[in-house]
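Colleague: upload_26.txt is the file, holding compact mmCIF, C-alpha atoms:
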```txt
# COMPACT_ATOMS: atom_id res chain seq x y z
CA MET A 8 0.00 0.00 0.00
CA ASN A 9 1.41 3.41 -0.96
CA MET A 10 1.13 6.74 0.83
CA THR A 11 -1.71 7.97 -1.37
CA GLU A 12 -3.79 4.87 -0.63
CA LEU A 13 -3.12 5.19 3.09
CA SER A 14 -4.35 8.78 3.07
CA ARG A 15 -7.57 8.28 1.14
CA ASP A 16 -8.98 4.83 1.94
CA TYR A 17 -11.41 6.44 4.39
CA ARG A 18 -13.45 7.61 1.39
CA ALA A 19 -14.37 4.08 0.36
CA ALA A 20 -15.11 3.10 3.96
CA ARG A 21 -17.44 6.06 4.39
CA THR A 22 -19.17 5.32 1.08
CA LEU A 23 -19.92 1.77 2.26
CA GLN A 24 -21.18 3.03 5.64
CA ILE A 25 -23.56 5.53 4.05
CA ALA A 26 -24.93 3.10 1.45
CA ASN A 27 -25.44 0.48 4.15
CA GLY A 28 -27.14 2.98 6.44
CA LEU A 29 -29.54 3.98 3.69
CA GLY A 30 -30.49 0.33 3.19
CA ILE A 31 -29.65 0.39 -0.52
CA PHE A 32 -28.46 -3.22 -0.71
CA THR A 33 -31.50 -4.56 1.12
CA LEU A 34 -33.72 -2.46 -1.16
CA LEU A 35 -32.14 -4.11 -4.21
CA ALA A 36 -32.27 -7.65 -2.85
CA GLU A 37 -35.19 -8.65 -5.08
CA GLY A 38 -34.14 -6.87 -8.26
CA GLY A 39 -32.67 -3.84 -9.94
CA MET A 40 -33.86 -0.22 -9.88
CA PRO A 41 -32.80 2.98 -11.62
CA ALA A 42 -31.09 5.67 -9.58
CA GLU A 43 -34.18 7.89 -9.52
CA GLU A 44 -36.31 5.16 -7.95
CA ILE A 45 -33.62 4.29 -5.42
CA ALA A 46 -33.42 7.95 -4.41
CA ARG A 47 -37.19 8.12 -4.05
CA GLU A 48 -37.30 4.98 -1.89
CA CYS A 49 -34.42 6.16 0.28
CA GLY A 50 -35.57 9.78 0.53
CA THR A 51 -32.29 11.10 -0.87
CA LYS A 52 -31.19 13.66 -3.45
CA PRO A 53 -31.23 12.07 -6.93
CA ASP A 54 -27.96 13.57 -8.22
CA LEU A 55 -25.91 12.66 -5.17
CA THR A 56 -27.61 9.27 -4.92
CA GLU A 57 -26.49 8.42 -8.46
CA LYS A 58 -22.92 9.39 -7.56
CA LEU A 59 -23.11 7.14 -4.50
CA LEU A 60 -24.35 4.25 -6.67
CA ILE A 61 -21.50 4.79 -9.13
CA ALA A 62 -19.05 4.63 -6.24
CA CYS A 63 -20.65 1.43 -4.95
CA ALA A 64 -20.40 -0.07 -8.43
CA SER A 65 -16.72 0.83 -8.59
CA MET A 66 -16.23 -1.01 -5.28
CA GLY A 67 -17.76 -4.22 -6.66
CA LEU A 68 -20.96 -3.92 -4.61
CA LEU A 69 -23.39 -3.00 -7.41
CA GLU A 70 -23.70 -3.79 -11.08
CA LYS A 71 -25.38 -1.65 -13.73
CA ALA A 72 -27.45 -2.95 -16.62
CA GLY A 73 -28.95 -0.16 -18.68
CA ALA A 74 -30.38 2.27 -16.16
CA ASN A 75 -30.82 -0.31 -13.40
CA TYR A 76 -28.50 -0.97 -10.48
CA THR A 77 -28.46 -4.46 -8.97
CA ASN A 78 -26.52 -6.09 -6.14
CA THR A 79 -23.43 -8.09 -6.96
CA PRO A 80 -23.11 -11.54 -5.35
CA LEU A 81 -20.86 -9.92 -2.74
CA ALA A 82 -23.58 -7.46 -1.70
CA GLN A 83 -26.32 -10.09 -1.90
CA THR A 84 -24.38 -12.33 0.47
CA TYR A 85 -23.14 -9.85 3.05
CA LEU A 86 -25.18 -6.63 2.80
CA VAL A 87 -28.84 -7.72 2.56
CA LYS A 88 -30.54 -7.57 5.94
CA GLY A 89 -31.86 -10.95 7.07
CA ARG A 90 -29.38 -13.02 5.09
CA LYS A 91 -27.30 -15.55 7.04
CA PHE A 92 -23.95 -13.82 6.51
CA TYR A 93 -25.24 -10.25 6.83
CA GLN A 94 -22.48 -7.81 7.85
CA GLY A 95 -24.53 -4.61 7.92
CA ASP A 96 -24.55 -4.39 11.70
CA MET A 97 -20.76 -4.53 11.78
CA ILE A 98 -20.63 -1.76 9.18
CA ALA A 99 -23.17 0.28 11.15
CA HIS A 100 -21.02 -0.18 14.26
CA SER A 101 -17.95 1.06 12.37
CA ALA A 102 -19.95 4.13 11.33
CA ARG A 103 -20.68 4.79 15.01
CA MET A 104 -16.91 4.83 15.60
CA TRP A 105 -16.43 7.53 12.97
CA ASP A 106 -16.74 10.37 15.47
CA PHE A 107 -13.93 8.93 17.58
CA TRP A 108 -11.50 8.98 14.68
CA ASN A 109 -12.76 12.33 13.45
CA ASP A 110 -12.27 13.89 16.91
CA LEU A 111 -8.97 12.17 17.68
CA ASP A 112 -6.95 15.19 16.60
CA ASP A 113 -8.70 17.29 19.26
CA ASN A 114 -8.74 14.63 21.95
CA ILE A 115 -5.08 13.70 21.73
CA ARG A 116 -3.85 17.22 22.46
CA LEU A 117 -3.26 18.77 25.87
CA GLU A 118 -5.60 21.72 26.34
CA GLU A 119 -2.76 24.08 27.11
CA ALA A 120 -0.66 23.01 24.14
CA PRO A 121 -0.41 25.69 21.43
CA ARG A 122 -2.18 24.74 18.26
CA PRO A 123 -1.34 26.45 14.98
CA GLN A 124 -4.17 27.82 12.88
CA PRO A 125 -4.53 25.59 9.82
CA ASP A 126 -3.90 27.17 6.44
CA ASP A 127 -6.39 25.19 4.38
CA HIS A 128 -5.62 26.91 1.09
CA ARG A 129 -1.87 26.36 1.40
CA HIS A 130 -2.45 22.72 2.34
CA PHE A 131 -4.65 22.27 -0.75
CA ILE A 132 -2.19 23.89 -3.16
CA MET A 133 0.83 22.11 -1.72
CA ALA A 134 -1.12 18.83 -1.74
CA MET A 135 -1.29 19.25 -5.52
CA HIS A 136 2.49 19.69 -5.51
CA ASN A 137 2.94 16.59 -3.34
CA ILE A 138 0.86 14.53 -5.77
CA ALA A 139 2.53 15.80 -8.92
CA ILE A 140 6.16 15.74 -7.79
CA THR A 141 6.15 12.07 -6.76
CA GLY A 142 5.92 10.82 -10.33
CA ARG A 143 2.73 11.95 -12.01
CA ALA A 144 4.24 15.05 -13.61
CA GLN A 145 7.27 13.11 -14.78
CA MET A 146 5.08 10.46 -16.41
CA ILE A 147 3.30 13.14 -18.42
CA ALA A 148 6.60 14.76 -19.38
CA GLU A 149 7.99 11.45 -20.59
CA THR A 150 4.84 10.53 -22.52
CA ILE A 151 4.00 13.74 -24.39
CA ASP A 152 6.62 15.18 -26.72
CA LEU A 153 6.83 18.95 -26.29
CA SER A 154 10.36 19.29 -27.69
CA THR A 155 9.22 21.59 -30.52
CA ARG A 156 6.82 23.67 -28.39
CA ASN A 157 7.66 27.10 -27.02
CA ASN A 158 4.93 28.61 -24.89
CA LEU A 159 2.73 26.71 -22.40
CA LEU A 160 -0.30 28.04 -20.53
CA ASP A 161 -1.04 26.18 -17.29
CA VAL A 162 -4.70 26.96 -16.49
CA GLY A 163 -5.42 26.85 -12.77
CA GLY A 164 -1.89 25.52 -12.38
CA GLY A 165 -1.75 25.84 -8.60
CA PRO A 166 1.85 25.29 -7.42
CA GLY A 167 3.11 25.16 -11.01
CA THR A 168 4.65 21.71 -10.59
CA TYR A 169 3.59 20.39 -13.99
CA SER A 170 4.94 23.49 -15.72
CA ILE A 171 8.24 23.15 -13.85
CA VAL A 172 8.67 19.48 -14.77
CA LEU A 173 7.59 19.96 -18.39
CA CYS A 174 10.00 22.87 -18.85
CA ALA A 175 12.82 20.89 -17.24
CA ARG A 176 12.18 18.12 -19.76
CA ASN A 177 11.92 20.44 -22.80
CA PRO A 178 14.65 23.12 -23.03
CA ARG A 179 12.76 25.30 -25.55
CA LEU A 180 9.62 25.49 -23.47
CA ARG A 181 8.51 28.44 -21.35
CA ALA A 182 5.39 28.35 -19.20
CA THR A 183 2.85 30.71 -17.63
CA VAL A 184 0.84 29.56 -14.61
CA PHE A 185 -2.61 31.21 -14.48
CA ASP A 186 -4.32 31.20 -11.08
CA LEU A 187 -5.84 33.34 -8.35
CA PRO A 188 -3.58 35.87 -6.57
CA GLU A 189 -3.60 33.97 -3.25
CA THR A 190 -2.49 30.85 -5.10
CA ILE A 191 0.12 32.63 -7.19
CA ALA A 192 1.86 33.76 -4.00
CA ILE A 193 2.47 30.05 -3.25
CA THR A 194 3.33 29.31 -6.89
CA ARG A 195 6.15 31.85 -6.77
CA GLU A 196 7.65 30.08 -3.76
CA VAL A 197 7.57 26.68 -5.49
CA ILE A 198 9.06 28.06 -8.70
CA ALA A 199 11.84 29.79 -6.77
CA GLY A 200 12.54 26.62 -4.79
CA GLU A 201 13.03 24.72 -8.06
CA ASN A 202 15.22 27.49 -9.56
CA MET A 203 12.87 27.87 -12.54
CA ALA A 204 11.89 31.54 -12.28
CA ASP A 205 13.60 32.29 -15.60
CA ARG A 206 11.37 29.86 -17.48
CA VAL A 207 8.14 29.48 -15.49
CA HIS A 208 6.18 32.70 -15.04
CA VAL A 209 2.89 33.55 -13.38
CA GLN A 210 -0.29 35.40 -14.31
CA GLU A 211 -2.78 36.39 -11.65
CA GLY A 212 -6.39 36.05 -12.73
CA ASP A 213 -9.82 34.60 -12.15
CA TRP A 214 -11.07 32.24 -14.84
CA ASN A 215 -14.63 33.36 -14.14
CA ALA A 216 -13.80 36.94 -15.13
CA ASP A 217 -10.46 37.18 -16.93
CA SER A 218 -9.00 36.18 -20.28
CA PHE A 219 -6.20 33.62 -20.32
CA GLY A 220 -4.23 35.61 -22.88
CA GLN A 221 -3.30 34.51 -26.42
CA GLY A 222 -0.68 32.85 -28.56
CA TYR A 223 0.12 29.71 -26.55
CA ASP A 224 1.15 26.59 -28.47
CA VAL A 225 0.40 24.31 -25.48
CA VAL A 226 -2.50 24.62 -23.06
CA LEU A 227 -2.42 22.45 -19.94
CA MET A 228 -5.61 21.90 -17.96
CA SER A 229 -4.84 19.56 -15.07
CA ASN A 230 -7.79 18.67 -12.84
CA VAL A 231 -9.73 21.86 -13.46
CA LEU A 232 -12.74 20.28 -15.20
CA HIS A 233 -14.73 18.06 -12.85
CA GLY A 234 -17.85 17.25 -14.81
CA ARG A 235 -20.52 19.48 -16.22
CA THR A 236 -21.36 21.29 -12.98
CA THR A 237 -17.97 23.07 -12.94
CA ALA A 238 -18.42 25.46 -15.91
CA PRO A 239 -16.21 23.37 -18.23
CA GLN A 240 -17.42 24.97 -21.45
CA MET A 241 -16.48 28.43 -20.23
CA LYS A 242 -12.98 27.25 -19.28
CA LEU A 243 -12.54 25.32 -22.52
CA ALA A 244 -13.73 28.28 -24.60
CA LYS A 245 -11.19 30.56 -22.93
CA ALA A 246 -8.49 27.93 -23.42
CA PHE A 247 -9.40 27.68 -27.10
CA ASP A 248 -9.14 31.47 -27.46
CA ALA A 249 -5.75 31.47 -25.75
CA ALA A 250 -4.39 28.73 -28.01
CA ALA A 251 -2.62 29.48 -31.28
CA ASP A 252 -3.54 27.53 -34.39
CA GLY A 253 -2.08 24.05 -34.13
CA ALA A 254 -1.75 24.29 -30.35
CA LEU A 255 -1.82 21.13 -28.27
CA LEU A 256 -4.36 20.79 -25.45
CA ILE A 257 -3.20 18.54 -22.59
CA MET A 258 -5.86 17.62 -20.07
CA GLN A 259 -5.56 15.51 -16.94
CA GLU A 260 -8.70 14.39 -15.12
CA PHE A 261 -10.25 11.68 -13.01
CA VAL A 262 -12.36 9.99 -15.69
CA LEU A 263 -15.14 7.43 -15.26
CA ASN A 264 -15.49 4.53 -17.66
CA ASP A 265 -18.08 4.73 -20.43
CA ASP A 266 -20.93 3.12 -18.43
CA LYS A 267 -20.04 4.96 -15.21
CA THR A 268 -19.33 1.98 -12.99
CA GLY A 269 -15.73 2.86 -12.05
CA PRO A 270 -12.79 2.94 -11.68
CA LEU A 271 -12.73 3.39 -7.91
CA ILE A 272 -10.64 6.56 -7.58
CA PRO A 273 -12.61 8.58 -10.18
CA ALA A 274 -15.88 7.23 -8.75
CA LEU A 275 -15.02 8.41 -5.24
CA PHE A 276 -13.82 11.75 -6.60
CA ASN A 277 -17.10 12.03 -8.51
CA LEU A 278 -19.04 11.47 -5.29
CA MET A 279 -17.08 14.24 -3.58
CA ILE A 280 -16.72 16.82 -6.37
CA GLY A 281 -17.68 15.48 -9.80
CA ALA A 282 -16.15 13.65 -12.75
CA TYR A 283 -16.70 13.06 -16.45
CA SER A 284 -17.05 9.82 -18.31
CA ARG A 285 -14.70 9.63 -21.28
CA PRO A 286 -17.44 10.20 -23.93
CA GLU A 287 -18.77 13.22 -22.01
CA LEU A 288 -15.32 14.76 -21.77
CA PHE A 289 -14.52 14.15 -25.43
CA GLU A 290 -17.85 15.72 -26.38
CA ASP A 291 -17.13 18.92 -24.44
CA ILE A 292 -13.60 19.13 -25.85
CA ARG A 293 -15.01 18.95 -29.38
CA LYS A 294 -17.75 21.46 -28.62
CA ALA A 295 -15.07 23.97 -27.61
CA GLY A 296 -13.49 23.65 -31.07
CA PHE A 297 -10.59 21.28 -30.39
CA VAL A 298 -10.22 18.22 -32.60
CA ASP A 299 -8.81 14.70 -32.39
CA PRO A 300 -9.20 14.09 -28.64
CA LYS A 301 -7.44 10.92 -27.59
CA ILE A 302 -6.12 9.19 -24.50
CA ALA A 303 -2.39 9.77 -24.20
CA LEU A 304 -1.84 8.14 -20.83
CA GLU A 305 -3.78 6.19 -18.20
CA MET A 306 -2.28 6.15 -14.72
CA GLU A 307 -4.29 3.42 -13.04
CA GLU A 308 -2.46 3.72 -9.72
CA HIS A 309 -3.53 7.35 -9.49
CA GLY A 310 -6.93 6.94 -11.17
CA SER A 311 -5.91 9.63 -13.61
CA MET A 312 -6.24 9.94 -17.37
CA VAL A 313 -4.30 12.29 -19.66
CA ILE A 314 -6.02 13.39 -22.86
CA THR A 315 -4.69 15.43 -25.75
CA ALA A 316 -6.47 17.37 -28.48
CA VAL A 317 -5.48 19.97 -31.07
CA LYS A 318 -6.69 23.41 -32.09
CA PRO A 319 -7.05 23.26 -35.88
```
Can you give me the file's structure in the form of C-alpha cells?
Modeller:
Amino acid sequence: MNMTELSRDYRAARTLQIANGLGIFTLLAEGGMPAEEIARECGTKPDLTEKLLIACASMGLLEKAGANYTNTPLAQTYLVKGRKFYQGDMIAHSARMWDFWNDLDDNIRLEEAPRPQPDDHRHFIMAMHNIAITGRAQMIAETIDLSTRNNLLDVGGGPGTYSIVLCARNPRLRATVFDLPETIAITREVIAGENMADRVHVQEGDWNADSFGQGYDVVLMSNVLHGRTTAPQMKLAKAFDAAADGALLIMQEFVLNDDKTGPLIPALFNLMIGAYSRPELFEDIRKAGFVDPKIALEMEEHGSMVITAVKP
C-alpha cells in the first residue's frame, strides 16, 4: 500500500457506511432499480444518490445494466438484511466509531498546548504539488513530446509543478501559470525553490472573469474540469481562445469509464466533487473547437487519465 492509498482509503469506507445505512443493498435484494427510484425509496437527493451508486459499483458492490442498479453476489451475500452472513450491523457499528476517529486530533492534544491555525488553502495547493512531484508530472513529461513547443499556458496551475517538470524536460519550453492571486503567492515560492523563475512565469487572474491571454502553443488543464457542474465549457472556450492555431491541449482528469461503474478513484472523486465519463469529456472538448481528442496516458495507480487534443 502506498502513501496515497493510506491517506484516502477512508473515502471508500465512508461510502460503504452511508450506502449500508440507507439500506440500498436490502432495497435491491429482489431486483434492480434505476437511480431515480432508489433515491425516491431512500428519501435522498437524486444527483448525489447516483454518484453514491456509481461509487458502490466501482467497489464491486453493485452492477449496472442499462439504467438499473443491482446487487453483486458480494452485496447479496453480506449486505442484505436478514441473510445468514449479513455484515450490515458490523458496518453500522464502524460508522458509530467515525466520530472517535474524526475527533482524535482534538482529543489527543493537551488543552494548554499551542495549536497552529490551519492554512487550508496552502495545504490544498501544496497537496497538488505533493501529488505531482512524486511521479505523475514526470510520467506526463515522458509521454507527451513537447520538444518543438515554445509557450505553455497552465490553467489553474496551482503550485506550477507540472509546468516546472515539463519545462525541465523540454529546453525550448517556457510556461505561464494562471491562477488566483492567493495561489500565485504560493506558486512563486515553489518556482523559486526549483530554480525555474527564468522559465516558469505567473499570471494572476480569475477564470470566471479574466482572459487567459493569447498565442500559446500548449495549453495544460490539469484537474480543473470536474464534470458538467464546474463550468467546463467556459474554461474550454477561454483555453481555445488562448491557443494558437495548431496548439496542443493537454488535459488531466479523473475519468469514469463509459458506463459509469468505475474505476474506484474517479468514482469516489465524482461522489465528492464530480467527474466526467470519457465520452462526455470528449464531447465537451469537441464542442469547444478542439479536434482529435485521444487518450495519451492512463495512470491506473492514481486513477488519472491524460487526454490530448489539437486546435485546428
Colleague: I need the residue nearest Phe276 (chain A) from this list: A:Leu59, A:Val162, A:Ala175, A:Ile191. Use only C-alpha atoms for the distance.
Modeller: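 Result for the nearest residue to Phe276 (chain A): A:Leu59.
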Colleague: Please give the centre and size of the box around region 233-251 of chain A (axis-aligned, containing every atom listed in the file, 4 Å added per side), with values in Å to one decimal and written as AutoDock Vina command-line options.
Modeller:
```
--center_x -12.0 --center_y 24.4 --center_z -22.1 --size_x 26.7 --size_y 22.2 --size_z 26.4
```
Colleague: Which residues come within 12 Å of Asn230 (chain A), counting all atoms listed in the file, excluding same-chain residues fewer than 5 positions away, as a PyMOL selection string?
Modeller: chain A and resi 135+138-139+161-165+169+237+239+242+257-262+273+276+280-283+310-314
Colleague: Pick from A:Ile198, A:Ala19, A:Cys49, A:Val226: nearest to Leu256 (chain A), with all atoms listed in the file counted?
Modeller: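 So, comparing all the options, the nearest one is A:Val226.
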Colleague: Using only C-alpha atoms and a cutoff of 6 Å, can you tell me which residues are near (-19.4, -10.0, 1.6) in the file's coordinates, and write them out as an MDAnalysis selection string?
Modeller: chainID A and resid 81:82 84:85
Colleague: I'd like the interatomic distance between CA of Glu12 (chain A) and CA of His128 (chain A), to a tenth of an Å.
Modeller: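 CA of His128 (chain A) lies at a distance of 22.2 Å from CA of Glu12 (chain A).
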Colleague: Which residue, A:Gly67, A:Gly38, A:Gly30, A:Gly89, has the smallest gap to Thr51 (chain A) when you use all atoms listed in the file?
Modeller: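 Among the listed residues, A:Gly30 lies closest to Thr51 (chain A).
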Colleague: Looking at all atoms listed in the file, which of A:His130, A:Met10, A:Asp266, A:Gly200 is the one that sits closest to Tyr76 (chain A)?
Modeller: A:Asp266
Colleague: Identify which of the residues A:Gly269, A:Ile151, A:Met203, A:Leu160 lies closest to Ser218 (chain A), counting all atoms listed in the file when measuring atom-to-atom distances.
Modeller: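 Closest candidate: A:Leu160.
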Colleague: So, counting all atoms listed in the file, which residue among A:Thr33, A:Ser170, A:Asn202, A:Ser154 is closest to Tyr93 (chain A)?
Modeller: A:Thr33
Colleague: If you measure from CA of Gly296 (chain A) to CA of Asn158 (chain A), what distance in Å do you get, rounded to one decimal?
Modeller: 20.1 Å
Colleague: Can you measure CA of Asp106 (chain A) to CA of Gln124 (chain A) for me? One decimal in Å is fine.
Modeller: 21.7 Å
Colleague: Just the residues within 7 Å of Leu68 (chain A), please, counting only C-alpha atoms, with nothing from its chain fewer than 2 positions along; format it as a list in words.
Modeller: Cys63, Ala64, Met66, Asn78, Thr79, Leu81 and Ala82 of chain A
Colleague: Please return as a list of chain:residue names every residue within 12 Å of (-0.7, 21.6, -33.1), taking into account only C-alpha atoms and the file's own coordinates.
Modeller: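 With a cut-off of 12 Å, the residues come to A:Asp152, A:Leu153, A:Thr155, A:Arg156, A:Asn157, A:Tyr223, A:Asp224, A:Val225, A:Val226, A:Ala250, A:Ala251, A:Asp252, A:Gly253, A:Ala254, A:Leu255, A:Leu256, A:Ile257, A:Phe297, A:Val298, A:Asp299, A:Thr315, A:Ala316, A:Val317, A:Lys318, A:Pro319.
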Colleague: Can you sort out region 232-257 of chain A so it carries N, CA and C atoms, written as a PDB file, in the coordinates of the input?
Modeller:
```
ATOM      1  N   LEU A 232     -11.409  20.565 -14.675  1.00  0.00           N
ATOM      2  CA  LEU A 232     -12.740  20.280 -15.200  1.00  0.00           C
ATOM      3  C   LEU A 232     -13.268  19.032 -14.511  1.00  0.00           C
ATOM      4  N   HIS A 233     -14.234  19.198 -13.628  1.00  0.00           N
ATOM      5  CA  HIS A 233     -14.730  18.060 -12.850  1.00  0.00           C
ATOM      6  C   HIS A 233     -16.199  17.806 -13.160  1.00  0.00           C
ATOM      7  N   GLY A 234     -16.476  17.501 -14.416  1.00  0.00           N
ATOM      8  CA  GLY A 234     -17.850  17.250 -14.810  1.00  0.00           C
ATOM      9  C   GLY A 234     -18.572  18.528 -15.170  1.00  0.00           C
ATOM     10  N   ARG A 235     -19.808  18.370 -15.587  1.00  0.00           N
ATOM     11  CA  ARG A 235     -20.520  19.480 -16.220  1.00  0.00           C
ATOM     12  C   ARG A 235     -21.120  20.475 -15.243  1.00  0.00           C
ATOM     13  N   THR A 236     -20.893  20.296 -13.959  1.00  0.00           N
ATOM     14  CA  THR A 236     -21.360  21.290 -12.980  1.00  0.00           C
ATOM     15  C   THR A 236     -20.263  22.287 -12.626  1.00  0.00           C
ATOM     16  N   THR A 237     -19.107  22.224 -13.306  1.00  0.00           N
ATOM     17  CA  THR A 237     -17.970  23.070 -12.940  1.00  0.00           C
ATOM     18  C   THR A 237     -17.606  24.058 -14.049  1.00  0.00           C
ATOM     19  N   ALA A 238     -18.607  24.487 -14.824  1.00  0.00           N
ATOM     20  CA  ALA A 238     -18.420  25.460 -15.910  1.00  0.00           C
ATOM     21  C   ALA A 238     -17.323  25.052 -16.888  1.00  0.00           C
ATOM     22  N   PRO A 239     -17.295  23.808 -17.349  1.00  0.00           N
ATOM     23  CA  PRO A 239     -16.210  23.370 -18.230  1.00  0.00           C
ATOM     24  C   PRO A 239     -16.213  24.076 -19.574  1.00  0.00           C
ATOM     25  N   GLN A 240     -17.397  24.344 -20.134  1.00  0.00           N
ATOM     26  CA  GLN A 240     -17.420  24.970 -21.450  1.00  0.00           C
ATOM     27  C   GLN A 240     -16.839  26.369 -21.431  1.00  0.00           C
ATOM     28  N   MET A 241     -17.073  27.108 -20.362  1.00  0.00           N
ATOM     29  CA  MET A 241     -16.480  28.430 -20.230  1.00  0.00           C
ATOM     30  C   MET A 241     -14.953  28.334 -20.194  1.00  0.00           C
ATOM     31  N   LYS A 242     -14.435  27.404 -19.391  1.00  0.00           N
ATOM     32  CA  LYS A 242     -12.980  27.250 -19.280  1.00  0.00           C
ATOM     33  C   LYS A 242     -12.384  26.773 -20.601  1.00  0.00           C
ATOM     34  N   LEU A 243     -13.050  25.822 -21.244  1.00  0.00           N
ATOM     35  CA  LEU A 243     -12.540  25.320 -22.520  1.00  0.00           C
ATOM     36  C   LEU A 243     -12.589  26.381 -23.608  1.00  0.00           C
ATOM     37  N   ALA A 244     -13.633  27.201 -23.606  1.00  0.00           N
ATOM     38  CA  ALA A 244     -13.730  28.280 -24.600  1.00  0.00           C
ATOM     39  C   ALA A 244     -12.596  29.279 -24.420  1.00  0.00           C
ATOM     40  N   LYS A 245     -12.293  29.625 -23.180  1.00  0.00           N
ATOM     41  CA  LYS A 245     -11.190  30.560 -22.930  1.00  0.00           C
ATOM     42  C   LYS A 245      -9.845  29.922 -23.286  1.00  0.00           C
ATOM     43  N   ALA A 246      -9.714  28.630 -23.038  1.00  0.00           N
ATOM     44  CA  ALA A 246      -8.490  27.930 -23.420  1.00  0.00           C
ATOM     45  C   ALA A 246      -8.330  27.907 -24.928  1.00  0.00           C
ATOM     46  N   PHE A 247      -9.438  27.687 -25.636  1.00  0.00           N
ATOM     47  CA  PHE A 247      -9.400  27.680 -27.100  1.00  0.00           C
ATOM     48  C   PHE A 247      -8.972  29.053 -27.624  1.00  0.00           C
ATOM     49  N   ASP A 248      -9.509  30.118 -27.042  1.00  0.00           N
ATOM     50  CA  ASP A 248      -9.140  31.470 -27.460  1.00  0.00           C
ATOM     51  C   ASP A 248      -7.675  31.778 -27.185  1.00  0.00           C
ATOM     52  N   ALA A 249      -7.143  31.215 -26.109  1.00  0.00           N
ATOM     53  CA  ALA A 249      -5.750  31.470 -25.750  1.00  0.00           C
ATOM     54  C   ALA A 249      -4.768  30.687 -26.599  1.00  0.00           C
ATOM     55  N   ALA A 250      -5.260  29.630 -27.253  1.00  0.00           N
ATOM     56  CA  ALA A 250      -4.390  28.730 -28.010  1.00  0.00           C
ATOM     57  C   ALA A 250      -4.159  29.266 -29.421  1.00  0.00           C
ATOM     58  N   ALA A 251      -2.931  29.167 -29.887  1.00  0.00           N
ATOM     59  CA  ALA A 251      -2.620  29.480 -31.280  1.00  0.00           C
ATOM     60  C   ALA A 251      -3.086  28.324 -32.164  1.00  0.00           C
ATOM     61  N   ASP A 252      -3.198  28.597 -33.458  1.00  0.00           N
ATOM     62  CA  ASP A 252      -3.540  27.530 -34.390  1.00  0.00           C
ATOM     63  C   ASP A 252      -2.494  26.416 -34.295  1.00  0.00           C
ATOM     64  N   GLY A 253      -2.990  25.182 -34.246  1.00  0.00           N
ATOM     65  CA  GLY A 253      -2.080  24.050 -34.130  1.00  0.00           C
ATOM     66  C   GLY A 253      -1.643  23.744 -32.715  1.00  0.00           C
ATOM     67  N   ALA A 254      -2.151  24.495 -31.745  1.00  0.00           N
ATOM     68  CA  ALA A 254      -1.750  24.290 -30.350  1.00  0.00           C
ATOM     69  C   ALA A 254      -2.234  22.939 -29.839  1.00  0.00           C
ATOM     70  N   LEU A 255      -1.494  22.402 -28.899  1.00  0.00           N
ATOM     71  CA  LEU A 255      -1.820  21.130 -28.270  1.00  0.00           C
ATOM     72  C   LEU A 255      -2.509  21.388 -26.936  1.00  0.00           C
ATOM     73  N   LEU A 256      -3.672  20.777 -26.743  1.00  0.00           N
ATOM     74  CA  LEU A 256      -4.360  20.790 -25.450  1.00  0.00           C
ATOM     75  C   LEU A 256      -3.972  19.517 -24.701  1.00  0.00           C
ATOM     76  N   ILE A 257      -3.501  19.676 -23.464  1.00  0.00           N
ATOM     77  CA  ILE A 257      -3.200  18.540 -22.590  1.00  0.00           C
ATOM     78  C   ILE A 257      -4.128  18.642 -21.388  1.00  0.00           C
TER      79      ILE A 257
END
```
